[in-house]
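These notes are about the structure you will find just below.
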Amino acid sequence: MGLLLAFLLLAAPARALDYATWAAAQPVVAHPEPAYHFAAELHAGIAPLVASHPGVLRPFVVGTTVRGQPIWGFRVSDPAHAPTKKLLVFANIHALEWVPSEVAVAFLAEIVRDPPKGVEITVIPSLNPDGRARVEADLLAGENTYRRGNAENVDLNRDFPVNREATAIWKYVIPGRYATSPAPLSQPESRALDALAAKERFDVAVSLHAFGGFFYYPWAGRWERAPDWREMHRLGQVMQAAQGAHAYKPRQLSRWGFFFRGHGMEIDHLYATYGTKSFLIETTRSGLSPLRPQDWNTHFRWYNPKEPERHVREGLRALRALAHEIGGELG
Ligand SMILES: [Zn+2]
């Protein structure tokens with residue numbers, strides 16, 4: 001009987017995870033960062049949009065985390081205008097960087113109401129749900145732990161195959177700066193992103209991070225200019241112009257400082273492997289203030305200002321301008 005049951009279970013076709021059912025099962029709890037959304041709250045906000053925009057907003061599972069959690073993605077396009085371009089926006093690859101998820105979900109809510117013409121947009125509010133869940137547990141427990149990686153403590157943004165080799169002489173002086181992951185694509189979260197990028201061949205991708213106030217483009221791991229750097233710089237300027245006063249600045253990531261390189265990063269991989277023009281946007285300029293020394297040792301606050309609204313608006317302006325530029329001028 002037990003064997004028969006096991007056989008029937010194995011023989012049954014795997015059913016696709018239903019987003020509405022999954023989202024409704026996520027417990028929403030009170031927490032000490034009310035200006036931010038815990039993951040359950042983000043999805044409680046997205047689920048009604050999915051229900052009210054059938055055909056326009058389409059959830060899908062990008063992949064599964066180390067702990068078996070789904071990584072959700074959302075495709076948005078206007079059914080009346082067949083898209084010819086593809087834009088990917090993903091966030092929260094680093095566990096403590098939450099403003100990026102707020103920006104991603106605000107962007108999703110906006111484009112669902114009025115999808116930009118000619119471009120299909122894929123939004124992944126969190127590429128690292130396990131890392132995020134640990135930060136949520138820390139906040140609830142009143143603990144202040146520095147967290148960057150996934151459940152295996154691997155920095156997903158050093159887990160990609162391109163430009164992993166440190167060449168700068170400074171790697172010998174400050175080796176921690178240049179450490180990569182155990183092996184290329186060693187983690188399920190980075191493999192999920194890679195598989196999606198291989199399948200979709202996005203024209204442009206944006207990875208939302210915090211903090212810094214830059215629109216970074218490849219290369220991150222080499223000083224040389226990328227072949228398309230002028231076009232990427234121009235798209236960065238489009239986003240910069242849309243932000244107005246105090247706008248972020250477009251820059252090649254490896255030229256942030258003469259000693260700085262980022263090895264095995266997502267933007268170098270997406271650009272080198274799939275030809276996707278890629279940006280790492282460092283949202284905000286940190287949540288620390290000289291006027292609030294009590295925050296200086298609070299890791300969550302380093303990345304996430306107490307009042308995120310202004311930073312979410314800045315991010316939205318940039319993404320909106322980029323989407324229209326891709327769908328229009330490039331379309
Ligand atoms: Zn980051």
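Scheme for the structure tokens: letters A, B, ... for chains in order shown; per-chain residue numbers from 1; ligand numbers from 1 in order shown.
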
Discussion item. So that I can check the surroundings of range 84-93 of chain A, please list as a PyMOL selection string every protein, DNA and RNA residue that reaches within 9 Å of it, counting only C-alpha atoms and ignoring chain neighbours fewer than 2 positions away.
Written reply: chain A and resi 73+82+95-104+118-129+131-132+148-150+155-157+189+197+200-210+319+323+326-327+330-331

Discussion item. Residues of range 15-234 of chain A classed as helix (DSSP H, G or I) by DSSP on the backbone are to be reported as a ChimeraX atom specification.
Written reply: /A:19-24,39-52,99-113,129-141,156-158,169-172,175-178,188-200,229-234

Worksheet item: Could you name the residues that touch His53 in chain A at 8 Å or less, counting only C-alpha atoms, but leaving out those on the same chain fewer than 4 positions away, as JSON, numbers by chain?
Response: {"A": [49, 57, 112]}

Worksheet item: Neighbours of Arg261 in chain A within 6 Å (only C-alpha atoms; same-chain residues fewer than 5 positions away dropped), as an MDAnalysis selection string?
Response: chainID A and resid 220:221 254

If you count only C-alpha atoms, which residues fall within 9 Å of Arg317 in chain A, apart from same-chain ones fewer than 5 positions away, as a PDB file with N, CA, C and O atoms, in the first residue's frame?
ATOM      1  N   MET A 239      19.040  57.388 -17.641  1.00  0.00           N
ATOM      2  CA  MET A 239      18.510  57.190 -16.280  1.00  0.00           C
ATOM      3  C   MET A 239      18.886  58.369 -15.384  1.00  0.00           C
ATOM      4  O   MET A 239      18.081  58.849 -14.579  1.00  0.00           O
ATOM      5  N   GLN A 240      20.115  58.837 -15.540  1.00  0.00           N
ATOM      6  CA  GLN A 240      20.589  59.974 -14.739  1.00  0.00           C
ATOM      7  C   GLN A 240      19.717  61.205 -14.982  1.00  0.00           C
ATOM      8  O   GLN A 240      19.279  61.869 -14.041  1.00  0.00           O
ATOM      9  N   ALA A 242      16.706  61.361 -15.972  1.00  0.00           N
ATOM     10  CA  ALA A 242      15.349  61.175 -15.455  1.00  0.00           C
ATOM     11  C   ALA A 242      15.277  61.410 -13.951  1.00  0.00           C
ATOM     12  O   ALA A 242      14.213  61.707 -13.415  1.00  0.00           O
ATOM     13  N   GLN A 243      16.405  61.258 -13.265  1.00  0.00           N
ATOM     14  CA  GLN A 243      16.389  61.423 -11.803  1.00  0.00           C
ATOM     15  C   GLN A 243      16.448  62.874 -11.362  1.00  0.00           C
ATOM     16  O   GLN A 243      16.074  63.187 -10.233  1.00  0.00           O
ATOM     17  N   VAL A 312      13.076  55.167  -3.325  1.00  0.00           N
ATOM     18  CA  VAL A 312      12.246  54.353  -4.212  1.00  0.00           C
ATOM     19  C   VAL A 312      11.826  55.196  -5.419  1.00  0.00           C
ATOM     20  O   VAL A 312      11.861  54.718  -6.561  1.00  0.00           O
ATOM     21  N   LEU A 322      14.480  54.083 -18.517  1.00  0.00           N
ATOM     22  CA  LEU A 322      15.197  53.021 -19.231  1.00  0.00           C
ATOM     23  C   LEU A 322      14.222  52.178 -20.054  1.00  0.00           C
ATOM     24  O   LEU A 322      14.474  51.879 -21.226  1.00  0.00           O
TER      25      LEU A 322
END

Worksheet item: Near Pro161 in chain A, within 12 Å and counting only C-alpha atoms, which residues show up once chain neighbours fewer than 6 positions away are dropped, as a PyMOL selection string?
Response: chain A and resi 180-187+190-191+194+221+263-273

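Using only C-alpha atoms and all ligand atoms, the shortest contact distance between ligand 1 and any of A:Arg164, A:Lys306, A:Lys277, A:Arg147 is found at A:Arg147.
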
Worksheet, complete the sentence: What separates CA of Glu307 in chain A and CA of Ala35 in chain A is a distance of 6.5 Å

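Distances to ligand 1 were evaluated for A:Val66, A:Leu280, A:Leu140, A:Ala39 using only C-alpha atoms and all ligand atoms, and the minimum falls at A:Leu280.
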
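Interatomic distance, CA of Glu136 in chain A against CA of Ala47 in chain A: 20.5 Å.
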
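Residue nearest Arg230 in chain A, chosen from A:Arg67, A:Arg285, A:Gln252, A:Ala109 and counting only C-alpha atoms: A:Gln252.
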
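The neighbours of Ile71 in chain A here are the residues that come within 7 Å of it, using only C-alpha atoms and leaving out any residue fewer than 5 positions away in the same chain; they are Val61, Val62, Gly63, Thr64, Thr65, Leu127 and Pro129 of chain A.
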
Could you turn the residues from that selection into a file that holds N, CA, C and O atoms, as an mmCIF file, in the first residue's frame?
data_model
loop_
_atom_site.group_PDB
_atom_site.id
_atom_site.type_symbol
_atom_site.label_atom_id
_atom_site.label_comp_id
_atom_site.auth_asym_id
_atom_site.auth_seq_id
_atom_site.Cartn_x
_atom_site.Cartn_y
_atom_site.Cartn_z
ATOM 1 N N VAL A 61 8.167 30.704 -11.727
ATOM 2 C CA VAL A 61 9.261 30.344 -10.815
ATOM 3 C C VAL A 61 10.571 30.369 -11.599
ATOM 4 O O VAL A 61 10.755 29.617 -12.553
ATOM 5 N N VAL A 62 11.470 31.256 -11.184
ATOM 6 C CA VAL A 62 12.768 31.377 -11.852
ATOM 7 C C VAL A 62 13.652 30.193 -11.486
ATOM 8 O O VAL A 62 14.410 29.677 -12.311
ATOM 9 N N GLY A 63 13.548 29.750 -10.239
ATOM 10 C CA GLY A 63 14.369 28.647 -9.744
ATOM 11 C C GLY A 63 14.073 28.435 -8.276
ATOM 12 O O GLY A 63 13.137 29.022 -7.723
ATOM 13 N N THR A 64 14.869 27.596 -7.651
ATOM 14 C CA THR A 64 14.641 27.216 -6.260
ATOM 15 C C THR A 64 15.916 27.464 -5.461
ATOM 16 O O THR A 64 17.017 27.186 -5.930
ATOM 17 N N THR A 65 15.754 27.977 -4.253
ATOM 18 C CA THR A 65 16.911 28.339 -3.431
ATOM 19 C C THR A 65 17.519 27.105 -2.763
ATOM 20 O O THR A 65 16.977 26.002 -2.837
ATOM 21 N N LEU A 127 16.287 37.872 -5.624
ATOM 22 C CA LEU A 127 16.994 36.701 -6.145
ATOM 23 C C LEU A 127 17.553 35.850 -5.011
ATOM 24 O O LEU A 127 18.004 34.735 -5.232
ATOM 25 N N PRO A 129 15.990 34.848 -1.687
ATOM 26 C CA PRO A 129 14.972 34.777 -0.621
ATOM 27 C C PRO A 129 15.494 34.152 0.675
ATOM 28 O O PRO A 129 15.049 34.543 1.755
#

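Distance annotation: of A:Trp256, A:Pro115, A:Lys249, A:His94, the residue with the minimal separation from ligand 1 is A:His94; atom set is only C-alpha atoms and all ligand atoms.
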
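Residue nearest Arg158 in chain A, chosen from A:Ala247, A:Gly262, A:Ala226, A:Gly287 and counting only C-alpha atoms: A:Gly262.
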
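The closest residue to ligand 1, picked from A:Phe60, A:Trp223, A:Phe211, A:Phe38 and counting only C-alpha atoms and all ligand atoms, is A:Phe211.
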
Practice prompt. Pick out each residue of range 43-165 of chain A that DSSP on the backbone tags as strand (DSSP E or B); I need them as an MDAnalysis selection string.
Written response: chainID A and resid 57:64 70:76 85:91 119:124
